[in-house]
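What follows is the content of final.cif (mmCIF, C-alpha atoms).
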```
data_work
#
loop_
_atom_site.label_atom_id
_atom_site.label_comp_id
_atom_site.auth_asym_id
_atom_site.auth_seq_id
_atom_site.Cartn_x
_atom_site.Cartn_y
_atom_site.Cartn_z
CA MET A 1 105.55 74.36 86.10
CA SER A 2 106.74 77.87 87.01
CA LYS A 3 109.30 78.40 89.73
CA SER A 4 108.04 78.83 93.28
CA VAL A 5 109.02 81.70 95.58
CA TRP A 6 110.43 79.92 98.61
CA SER A 7 111.54 83.04 100.50
CA THR A 8 112.28 86.71 100.02
CA GLU A 9 115.17 88.96 100.99
CA ILE A 10 114.75 92.72 100.82
CA LYS A 11 118.11 93.62 102.31
CA HIS A 12 117.53 97.30 103.05
CA LEU A 13 114.45 96.43 105.13
CA GLY A 14 116.41 94.06 107.34
CA PRO A 15 115.86 90.34 107.84
CA PRO A 16 112.20 89.30 107.90
CA ARG A 17 110.52 87.13 110.47
CA ARG A 18 109.69 83.96 108.61
CA GLY A 19 106.55 82.05 109.52
CA LYS A 20 105.53 78.75 108.00
CA VAL A 21 104.36 80.58 104.86
CA ARG A 22 104.87 84.33 105.21
CA ASP A 23 107.89 86.62 105.36
CA ILE A 24 107.14 89.61 107.59
CA TYR A 25 109.17 92.83 107.46
CA ASP A 26 108.82 95.12 110.47
CA LEU A 27 108.55 98.74 109.31
CA GLY A 28 107.79 100.30 112.68
CA ASP A 29 104.06 101.06 112.87
CA THR A 30 103.36 98.88 109.84
CA LEU A 31 104.35 95.49 108.46
CA LEU A 32 105.13 94.33 104.95
CA ILE A 33 103.77 90.79 104.60
CA VAL A 34 104.85 88.62 101.68
CA ALA A 35 103.01 85.32 101.17
CA CYS A 36 105.55 82.83 99.84
CA ASP A 37 104.90 79.47 98.19
CA ARG A 38 105.89 77.34 101.17
CA ILE A 39 103.37 74.80 102.41
CA SER A 40 103.18 73.15 105.82
CA ALA A 41 101.42 70.10 107.17
CA TYR A 42 101.61 68.33 110.52
CA ASP A 43 103.77 71.20 111.83
CA HIS A 44 106.47 70.72 109.18
CA VAL A 45 107.32 72.97 106.25
CA LEU A 46 107.46 70.74 103.20
CA GLN A 47 109.64 70.78 100.10
CA PRO A 48 109.24 71.91 97.39
CA GLY A 49 107.04 75.00 97.34
CA ILE A 50 103.73 75.16 95.45
CA PRO A 51 104.26 77.68 92.58
CA GLY A 52 101.82 80.57 92.89
CA LYS A 53 100.32 79.41 96.18
CA GLY A 54 101.31 82.58 98.02
CA LYS A 55 99.59 84.72 95.40
CA ILE A 56 96.39 82.71 95.76
CA LEU A 57 96.46 83.05 99.55
CA SER A 58 97.08 86.78 99.44
CA GLN A 59 94.52 87.58 96.74
CA LEU A 60 91.83 85.37 98.26
CA SER A 61 92.37 86.91 101.71
CA ASN A 62 92.05 90.37 100.17
CA PHE A 63 88.73 89.30 98.63
CA TRP A 64 87.39 88.21 102.02
CA PHE A 65 88.82 91.21 103.90
CA ASP A 66 86.84 93.43 101.56
CA LYS A 67 83.69 91.32 101.89
CA PHE A 68 83.76 91.32 105.70
CA GLU A 69 84.74 94.96 106.18
CA GLN A 70 81.25 95.85 107.45
CA LEU A 71 81.47 93.09 110.06
CA VAL A 72 84.95 93.83 111.39
CA PRO A 73 87.76 96.23 110.45
CA ASN A 74 90.98 94.67 109.18
CA HIS A 75 94.68 95.46 109.11
CA LEU A 76 95.03 96.17 105.38
CA ILE A 77 96.58 99.49 104.30
CA ALA A 78 97.54 98.65 100.70
CA THR A 79 97.51 95.51 98.55
CA ASP A 80 99.35 96.76 95.45
CA PRO A 81 103.10 97.30 95.95
CA ARG A 82 102.91 100.33 93.65
CA ASP A 83 100.79 101.97 96.35
CA PHE A 84 103.28 101.28 99.13
CA PRO A 85 105.19 104.33 100.44
CA SER A 86 107.90 105.39 97.98
CA ASP A 87 110.48 105.68 100.74
CA LEU A 88 110.41 101.88 101.06
CA GLU A 89 112.28 101.80 97.72
CA LEU A 90 110.65 98.60 96.47
CA ASP A 91 110.66 99.21 92.70
CA ALA A 92 113.37 96.60 92.17
CA TYR A 93 111.26 94.00 93.96
CA LEU A 94 107.93 94.46 92.18
CA GLY A 95 108.32 91.19 90.29
CA ILE A 96 108.40 89.30 93.60
CA LEU A 97 105.88 91.44 95.48
CA ASP A 98 103.16 91.67 92.82
CA GLY A 99 100.05 89.73 93.84
CA ARG A 100 101.53 88.32 97.04
CA SER A 101 102.31 91.28 99.32
CA THR A 102 100.32 93.56 101.59
CA LEU A 103 101.14 96.57 103.73
CA VAL A 104 99.28 96.30 107.03
CA GLN A 105 98.87 97.97 110.39
CA LYS A 106 100.91 96.45 113.16
CA THR A 107 98.78 95.16 116.01
CA ILE A 108 99.16 93.39 119.32
CA VAL A 109 98.31 89.87 118.17
CA VAL A 110 95.79 87.94 120.27
CA PRO A 111 97.70 84.76 121.22
CA PHE A 112 94.90 82.38 120.23
CA GLU A 113 93.65 81.00 116.95
CA CYS A 114 89.91 81.66 116.75
CA VAL A 115 88.45 78.51 115.20
CA ALA A 116 84.91 78.04 113.93
CA ARG A 117 83.62 74.55 113.10
CA GLY A 118 80.38 73.80 111.30
CA TYR A 119 81.27 70.20 110.48
CA LEU A 120 83.19 67.43 112.21
CA ALA A 121 86.66 67.01 110.74
CA GLY A 122 90.37 66.93 111.53
CA SER A 123 91.41 67.25 115.17
CA GLY A 124 87.80 67.98 116.13
CA PHE A 125 86.66 64.61 114.79
CA ARG A 126 89.51 62.82 116.56
CA GLU A 127 88.65 64.55 119.82
CA TYR A 128 84.97 63.69 119.39
CA GLN A 129 85.86 60.03 118.88
CA ASP A 130 87.77 60.06 122.17
CA ASN A 131 85.26 61.80 124.43
CA GLY A 132 82.19 62.95 122.50
CA ALA A 133 83.18 66.60 122.74
CA VAL A 134 85.35 69.20 121.01
CA CYS A 135 87.25 71.66 123.19
CA GLY A 136 84.92 70.89 126.07
CA ILE A 137 81.75 71.36 123.99
CA ALA A 138 79.61 68.23 124.20
CA LEU A 139 78.14 67.10 120.88
CA PRO A 140 75.30 64.67 120.05
CA GLN A 141 76.11 60.98 119.91
CA GLY A 142 76.39 59.13 116.61
CA LEU A 143 78.09 61.81 114.53
CA GLU A 144 80.41 60.62 111.75
CA ARG A 145 83.36 62.07 109.94
CA ALA A 146 82.20 65.17 108.02
CA SER A 147 78.83 65.31 109.82
CA LYS A 148 77.22 68.74 109.96
CA LEU A 149 76.99 70.05 113.52
CA PRO A 150 73.64 71.20 114.93
CA ASP A 151 75.13 74.72 115.15
CA PRO A 152 78.62 76.06 114.44
CA ILE A 153 80.91 76.01 117.47
CA PHE A 154 83.82 78.18 118.58
CA THR A 155 86.92 76.17 119.53
CA PRO A 156 90.01 78.28 120.19
CA ALA A 157 93.58 77.01 119.99
CA THR A 158 96.89 78.24 121.29
CA LYS A 159 98.85 80.05 118.60
CA ALA A 160 102.22 78.50 117.75
CA GLU A 161 104.69 80.20 115.39
CA SER A 162 106.35 76.82 115.01
CA GLY A 163 105.18 73.47 116.29
CA HIS A 164 101.66 72.44 117.09
CA ASP A 165 98.61 74.61 117.84
CA GLU A 166 96.78 73.03 120.79
CA ASN A 167 92.99 73.04 121.11
CA VAL A 168 91.82 74.62 124.36
CA SER A 169 88.46 75.39 125.95
CA TYR A 170 86.81 78.79 125.73
CA GLU A 171 87.31 79.11 129.48
CA VAL A 172 91.10 78.81 129.08
CA MET A 173 91.09 81.55 126.45
CA SER A 174 88.81 83.77 128.53
CA ALA A 175 91.01 83.40 131.60
CA ALA A 176 94.06 84.42 129.55
CA ILE A 177 92.71 87.50 127.73
CA GLY A 178 89.63 88.51 129.71
CA ASP A 179 85.93 87.77 129.42
CA ALA A 180 85.00 90.83 127.37
CA ILE A 181 87.58 90.33 124.63
CA ALA A 182 87.06 86.56 124.53
CA ASP A 183 83.31 86.99 124.15
CA LYS A 184 83.74 89.56 121.38
CA LEU A 185 86.17 87.33 119.47
CA ARG A 186 83.86 84.33 119.79
CA ARG A 187 80.95 86.38 118.44
CA LEU A 188 82.99 87.85 115.58
CA THR A 189 84.42 84.45 114.66
CA LEU A 190 81.00 82.84 114.36
CA GLU A 191 79.54 85.83 112.48
CA ILE A 192 82.36 85.81 109.91
CA TYR A 193 82.18 82.04 109.57
CA SER A 194 78.41 82.21 109.02
CA SER A 195 78.75 84.88 106.35
CA GLY A 196 81.56 82.96 104.63
CA SER A 197 79.56 79.74 104.76
CA ILE A 198 76.57 81.35 103.05
CA HIS A 199 78.81 82.70 100.30
CA ALA A 200 80.51 79.32 99.86
CA GLU A 201 77.16 77.52 99.61
CA GLN A 202 76.11 79.88 96.85
CA LYS A 203 79.21 78.72 94.98
CA GLY A 204 78.54 75.00 95.51
CA MET A 205 81.05 74.60 98.31
CA ILE A 206 80.94 73.80 102.01
CA LEU A 207 83.10 75.78 104.43
CA ALA A 208 83.61 73.03 106.99
CA ASP A 209 85.81 74.93 109.42
CA THR A 210 88.32 77.75 109.53
CA LYS A 211 90.59 79.70 111.82
CA PHE A 212 90.97 83.46 112.17
CA GLU A 213 93.53 85.68 113.81
CA PHE A 214 92.81 88.99 115.47
CA GLY A 215 94.96 91.85 116.70
CA GLN A 216 94.39 94.86 118.93
CA LEU A 217 95.45 98.45 118.48
CA GLU A 218 96.69 100.53 121.39
CA ASN A 219 93.20 102.00 121.80
CA GLY A 220 91.73 98.50 122.22
CA SER A 221 90.14 98.27 118.77
CA ILE A 222 90.06 94.75 117.33
CA LEU A 223 91.20 94.08 113.76
CA LEU A 224 90.95 90.96 111.62
CA ILE A 225 94.52 90.12 110.56
CA ASP A 226 96.76 87.57 108.81
CA GLU A 227 94.75 85.49 106.29
CA VAL A 228 91.03 84.85 105.87
CA LEU A 229 89.21 81.77 104.55
CA THR A 230 92.03 80.41 102.42
CA PRO A 231 92.75 76.74 101.58
CA ASP A 232 95.61 76.96 104.11
CA SER A 233 93.40 78.05 107.01
CA SER A 234 90.09 76.42 106.09
CA ARG A 235 88.47 73.25 104.84
CA PHE A 236 86.53 73.73 101.61
CA TRP A 237 84.47 70.74 100.43
CA ASP A 238 82.55 70.07 97.26
CA GLU A 239 78.88 70.31 98.25
CA ALA A 240 77.65 68.04 95.43
CA THR A 241 79.72 65.05 96.60
CA TRP A 242 79.65 65.62 100.39
CA GLN A 243 78.47 62.58 102.32
CA PRO A 244 78.81 62.13 106.12
CA GLY A 245 80.97 59.17 107.01
CA THR A 246 83.30 59.62 104.05
CA GLU A 247 86.35 61.76 103.30
CA PRO A 248 84.94 64.74 101.36
CA VAL A 249 86.34 66.01 98.08
CA SER A 250 88.29 69.03 99.26
CA TYR A 251 89.92 72.15 97.87
CA ASP A 252 92.56 72.71 100.52
CA LYS A 253 95.75 71.11 101.81
CA GLN A 254 94.01 67.94 102.96
CA PHE A 255 95.25 66.55 99.63
CA VAL A 256 98.82 66.95 100.94
CA ARG A 257 97.98 65.48 104.35
CA ASN A 258 96.40 62.45 102.68
CA TRP A 259 99.54 61.84 100.64
CA LEU A 260 101.73 62.15 103.73
CA ASP A 261 99.50 59.69 105.59
CA LYS A 262 100.16 57.11 102.89
CA ALA A 263 103.89 57.81 102.69
CA ASP A 264 104.94 55.74 105.74
CA TRP A 265 106.20 58.88 107.51
CA ASP A 266 106.29 59.09 111.31
CA HIS A 267 105.36 62.82 111.46
CA GLU A 268 108.51 63.45 113.52
CA SER A 269 111.51 62.91 111.25
CA PRO A 270 112.18 65.20 108.28
CA PRO A 271 109.19 64.81 105.93
CA PRO A 272 109.47 63.25 102.47
CA ARG A 273 109.74 65.51 99.45
CA LEU A 274 106.44 66.12 97.67
CA PRO A 275 106.36 64.52 94.19
CA ASP A 276 105.48 66.62 91.16
CA GLU A 277 101.97 65.18 90.94
CA VAL A 278 101.19 66.24 94.53
CA VAL A 279 102.58 69.72 93.92
CA GLU A 280 100.50 70.09 90.76
CA GLY A 281 97.40 68.55 92.37
CA THR A 282 97.67 70.93 95.31
CA LEU A 283 97.99 73.94 93.05
CA GLN A 284 94.97 72.84 91.02
CA ARG A 285 92.87 72.58 94.19
CA TYR A 286 93.94 76.01 95.43
CA VAL A 287 93.19 77.56 92.05
CA GLU A 288 89.77 75.85 91.99
CA ALA A 289 88.98 77.16 95.49
CA PHE A 290 89.89 80.69 94.38
CA ARG A 291 87.94 80.38 91.14
CA ARG A 292 84.77 79.10 92.81
CA VAL A 293 84.84 81.54 95.72
CA THR A 294 85.59 84.69 93.72
CA GLY A 295 84.28 83.84 90.24
CA LYS A 296 87.64 85.00 88.88
CA GLU A 297 91.05 83.60 88.00
CA PRO A 298 93.97 84.29 90.34
CA ASP A 299 96.69 86.57 89.03
CA LEU A 300 99.54 84.09 88.94
#
```

Could you express the structure from this file as structure tokens?
Amino acid sequence: MSKSVWSTEIKHLGPPRRGKVRDIYDLGDTLLIVACDRISAYDHVLQPGIPGKGKILSQLSNFWFDKFEQLVPNHLIATDPRDFPSDLELDAYLGILDGRSTLVQKTIVVPFECVARGYLAGSGFREYQDNGAVCGIALPQGLERASKLPDPIFTPATKAESGHDENVSYEVMSAAIGDAIADKLRRLTLEIYSSGSIHAEQKGMILADTKFEFGQLENGSILLIDEVLTPDSSRFWDEATWQPGTEPVSYDKQFVRNWLDKADWDHESPPPRLPDEVVEGTLQRYVEAFRRVTGKEPDL
């Protein structure tokens, strides 16, 4: 198994802001984003990294950014480090940056995750079990785990750099950012999800749910940012084996969550170290998601 890239350090650019997965270098009007091989679950960053995972996330996001460009503009400026401005002096770092870095426009980030759900899973299923609704949206009675919803729904969440994203109602989001922007983001989220779902179905997969991030420019324009329809931000299920009421075969980090659920861990203390078979199994699922969505092999 090749070595994972846990973090990066490009000293002349200054210290990056480190998210759960990405290292972000502030270049003024632009950002250099490097997708590392860290993986998180239940609000904890886990050890060890998943070798090549950051490359899969970056390359798959670039695929979707290109596909959705007619629906919504995005923040991408360049995806090949050889095309980054020469004054950044990154030649010595090409081995790290290749396949996992992007140069993007800096935006004012909308402080909500924009979540689209077409199926009942995860926190949405748990919420439905408690009160028959998800984020204040009432759903029909009798739905099971992994049931398809009558129509996709928009369920925003607060955006947490660390800790837990909290599901909120559309009304809470609208009150915070304004009716016009909230309505536009809801519409864009459902349009992108619908387009992604159709593509996934053509590849024998179900896009159960996903979350998007958006940013605004000074002139008010909205851009799609961060990552798009990756196994980190979405649930991808195998369509051939999907059956409501059961845990679907998935190509995302549910495999890691399932292992943690069986590991007698309280979700509060430092998490257990992932064994080699979970690391390898996770990588295989991410590669398979990339392969089926794009019809290509990731450049690892």

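This file gives the following result for the PyMOL selection byres ((chain A and resi 85) around 12): Leu27, Thr30, Leu31, Leu32, Ile77, Ala78, Thr79, Asp80, Pro81, Arg82, Asp83, Phe84, Ser86, Asp87, Leu88, Glu89, Leu90, Asp91, Thr102, Leu103 and Val104 of chain A.
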
Determine, using all atoms listed in the file, which residues of region 169-228 of chain A have any atom at most 9 Å from an atom of region 66-71 of chain A, and tabulate each with its shortest atom pair and distance in Å to one decimal place, rows ordered by chain and then rising number, as CSV.
```
residue,atom,partner,partner_atom,distance
A:Leu188,CA,A:Leu71,CA,7.8
A:Glu191,CA,A:Leu71,CA,7.9
A:Ile192,CA,A:Phe68,CA,7.1
A:Ser195,CA,A:Phe68,CA,8.2
A:Gly196,CA,A:Phe68,CA,8.7
```

(request) Name the residues that the PyMOL selection byres ((chain A and resi 250) around 8) pulls out of this structure, and write them as a ChimeraX atom specification. (result) /A:235-238,248-249,251-252,254-255,285

Keeping C-alpha atoms, export the residues of the selection given above as a PDB file, keeping the file's coordinate frame.
```pdb
ATOM      1  CA  ARG A 235      88.470  73.250 104.840  1.00  0.00           C
ATOM      2  CA  PHE A 236      86.530  73.730 101.610  1.00  0.00           C
ATOM      3  CA  TRP A 237      84.470  70.740 100.430  1.00  0.00           C
ATOM      4  CA  ASP A 238      82.550  70.070  97.260  1.00  0.00           C
ATOM      5  CA  PRO A 248      84.940  64.740 101.360  1.00  0.00           C
ATOM      6  CA  VAL A 249      86.340  66.010  98.080  1.00  0.00           C
ATOM      7  CA  TYR A 251      89.920  72.150  97.870  1.00  0.00           C
ATOM      8  CA  ASP A 252      92.560  72.710 100.520  1.00  0.00           C
ATOM      9  CA  GLN A 254      94.010  67.940 102.960  1.00  0.00           C
ATOM     10  CA  PHE A 255      95.250  66.550  99.630  1.00  0.00           C
ATOM     11  CA  ARG A 285      92.870  72.580  94.190  1.00  0.00           C
TER      12      ARG A 285
END
```

(request) Quick one: apply the PyMOL selection byres ((chain A and resi 185) around 10) to the file and drop the selected residues here as a VMD selection string. (result) chain A and resid 110 114 154 156 179 to 184 186 to 191 212 to 214 222 224

(message) Can you measure CA of Gln59 (chain A) to CA of Ser123 (chain A) for me? One decimal in Å is fine.
(response)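 Computing the Euclidean distance for CA of Gln59 (chain A) and CA of Ser123 (chain A) yields 27.6 Å.
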
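Of the residues under consideration (A:Ser269, A:Ser101, A:Ser147, A:Thr107), A:Ser147 shows the shortest atom-to-atom contact distance to Gln243 (chain A) when counting all atoms listed in the file.
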
(message) Using all atoms listed in the file for the distances, tell me which of A:Trp6, A:Tyr170, A:Trp259, A:Phe290 is nearest to Val45 (chain A).
(response) A:Trp6

Please supply region 86-120 of chain A, rebuilt with N, CA and C atoms, as an mmCIF file, in the coordinates of the input.
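The result, stored in part.cif:
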```cif
data_model
loop_
_atom_site.group_PDB
_atom_site.id
_atom_site.type_symbol
_atom_site.label_atom_id
_atom_site.label_comp_id
_atom_site.auth_asym_id
_atom_site.auth_seq_id
_atom_site.Cartn_x
_atom_site.Cartn_y
_atom_site.Cartn_z
ATOM 1 N N SER A 86 106.741 105.370 98.876
ATOM 2 C CA SER A 86 107.900 105.390 97.980
ATOM 3 C C SER A 86 109.217 105.293 98.730
ATOM 4 N N ASP A 87 109.221 105.729 100.001
ATOM 5 C CA ASP A 87 110.480 105.680 100.740
ATOM 6 C C ASP A 87 110.889 104.252 101.113
ATOM 7 N N LEU A 88 110.024 103.271 100.853
ATOM 8 C CA LEU A 88 110.410 101.880 101.060
ATOM 9 C C LEU A 88 111.333 101.382 99.947
ATOM 10 N N GLU A 89 111.358 102.095 98.824
ATOM 11 C CA GLU A 89 112.280 101.800 97.720
ATOM 12 C C GLU A 89 112.146 100.340 97.259
ATOM 13 N N LEU A 90 110.947 99.984 96.822
ATOM 14 C CA LEU A 90 110.650 98.600 96.470
ATOM 15 C C LEU A 90 110.543 98.353 94.964
ATOM 16 N N ASP A 91 110.843 99.366 94.145
ATOM 17 C CA ASP A 91 110.660 99.210 92.700
ATOM 18 C C ASP A 91 111.408 98.001 92.143
ATOM 19 N N ALA A 92 112.574 97.715 92.670
ATOM 20 C CA ALA A 92 113.370 96.600 92.170
ATOM 21 C C ALA A 92 112.790 95.249 92.551
ATOM 22 N N TYR A 93 111.812 95.250 93.449
ATOM 23 C CA TYR A 93 111.260 94.000 93.960
ATOM 24 C C TYR A 93 109.818 93.757 93.504
ATOM 25 N N LEU A 94 109.317 94.582 92.593
ATOM 26 C CA LEU A 94 107.930 94.460 92.180
ATOM 27 C C LEU A 94 107.604 93.093 91.597
ATOM 28 N N GLY A 95 108.556 92.507 90.878
ATOM 29 C CA GLY A 95 108.320 91.190 90.290
ATOM 30 C C GLY A 95 108.033 90.125 91.339
ATOM 31 N N ILE A 96 108.648 90.243 92.497
ATOM 32 C CA ILE A 96 108.400 89.300 93.600
ATOM 33 C C ILE A 96 107.150 89.673 94.370
ATOM 34 N N LEU A 97 106.947 90.976 94.589
ATOM 35 C CA LEU A 97 105.880 91.440 95.480
ATOM 36 C C LEU A 97 104.508 91.442 94.822
ATOM 37 N N ASP A 98 104.446 91.577 93.517
ATOM 38 C CA ASP A 98 103.160 91.670 92.820
ATOM 39 C C ASP A 98 102.254 90.480 93.145
ATOM 40 N N GLY A 99 101.053 90.767 93.620
ATOM 41 C CA GLY A 99 100.050 89.730 93.840
ATOM 42 C C GLY A 99 100.194 88.928 95.101
ATOM 43 N N ARG A 100 101.317 89.144 95.848
ATOM 44 C CA ARG A 100 101.530 88.320 97.040
ATOM 45 C C ARG A 100 101.951 89.142 98.256
ATOM 46 N N SER A 101 101.848 90.461 98.197
ATOM 47 C CA SER A 101 102.310 91.280 99.320
ATOM 48 C C SER A 101 101.226 92.251 99.758
ATOM 49 N N THR A 102 101.241 92.572 101.035
ATOM 50 C CA THR A 102 100.320 93.560 101.590
ATOM 51 C C THR A 102 101.058 94.415 102.605
ATOM 52 N N LEU A 103 100.666 95.674 102.684
ATOM 53 C CA LEU A 103 101.140 96.570 103.730
ATOM 54 C C LEU A 103 100.021 96.672 104.753
ATOM 55 N N VAL A 104 100.335 96.389 106.020
ATOM 56 C CA VAL A 104 99.280 96.300 107.030
ATOM 57 C C VAL A 104 99.659 97.061 108.293
ATOM 58 N N GLN A 105 98.648 97.384 109.072
ATOM 59 C CA GLN A 105 98.870 97.970 110.390
ATOM 60 C C GLN A 105 99.447 96.920 111.327
ATOM 61 N N LYS A 106 100.391 97.346 112.126
ATOM 62 C CA LYS A 106 100.910 96.450 113.160
ATOM 63 C C LYS A 106 99.934 96.455 114.339
ATOM 64 N N THR A 107 99.691 95.284 114.874
ATOM 65 C CA THR A 107 98.780 95.160 116.010
ATOM 66 C C THR A 107 99.430 94.326 117.109
ATOM 67 N N ILE A 108 98.800 94.330 118.251
ATOM 68 C CA ILE A 108 99.160 93.390 119.320
ATOM 69 C C ILE A 108 98.344 92.123 119.053
ATOM 70 N N VAL A 109 99.010 91.067 118.636
ATOM 71 C CA VAL A 109 98.310 89.870 118.170
ATOM 72 C C VAL A 109 97.712 89.120 119.356
ATOM 73 N N VAL A 110 96.432 88.798 119.256
ATOM 74 C CA VAL A 110 95.790 87.940 120.270
ATOM 75 C C VAL A 110 96.415 86.549 120.176
ATOM 76 N N PRO A 111 96.916 86.004 121.281
ATOM 77 C CA PRO A 111 97.700 84.760 121.220
ATOM 78 C C PRO A 111 96.865 83.480 121.130
ATOM 79 N N PHE A 112 95.744 83.559 120.432
ATOM 80 C CA PHE A 112 94.900 82.380 120.230
ATOM 81 C C PHE A 112 94.394 82.372 118.797
ATOM 82 N N GLU A 113 94.356 81.180 118.209
ATOM 83 C CA GLU A 113 93.650 81.000 116.950
ATOM 84 C C GLU A 113 92.156 80.926 117.276
ATOM 85 N N CYS A 114 91.356 81.668 116.526
ATOM 86 C CA CYS A 114 89.910 81.660 116.750
ATOM 87 C C CYS A 114 89.278 80.751 115.699
ATOM 88 N N VAL A 115 88.885 79.564 116.115
ATOM 89 C CA VAL A 115 88.450 78.510 115.200
ATOM 90 C C VAL A 115 86.934 78.367 115.239
ATOM 91 N N ALA A 116 86.345 78.310 114.053
ATOM 92 C CA ALA A 116 84.910 78.040 113.930
ATOM 93 C C ALA A 116 84.738 76.714 113.195
ATOM 94 N N ARG A 117 83.879 75.864 113.705
ATOM 95 C CA ARG A 117 83.620 74.550 113.100
ATOM 96 C C ARG A 117 82.122 74.396 112.865
ATOM 97 N N GLY A 118 81.773 74.101 111.622
ATOM 98 C CA GLY A 118 80.380 73.800 111.300
ATOM 99 C C GLY A 118 80.178 72.336 110.985
ATOM 100 N N TYR A 119 81.293 71.618 110.815
ATOM 101 C CA TYR A 119 81.270 70.200 110.480
ATOM 102 C C TYR A 119 82.365 69.507 111.279
ATOM 103 N N LEU A 120 82.268 68.208 111.399
ATOM 104 C CA LEU A 120 83.190 67.430 112.210
ATOM 105 C C LEU A 120 84.319 66.903 111.334
#
```
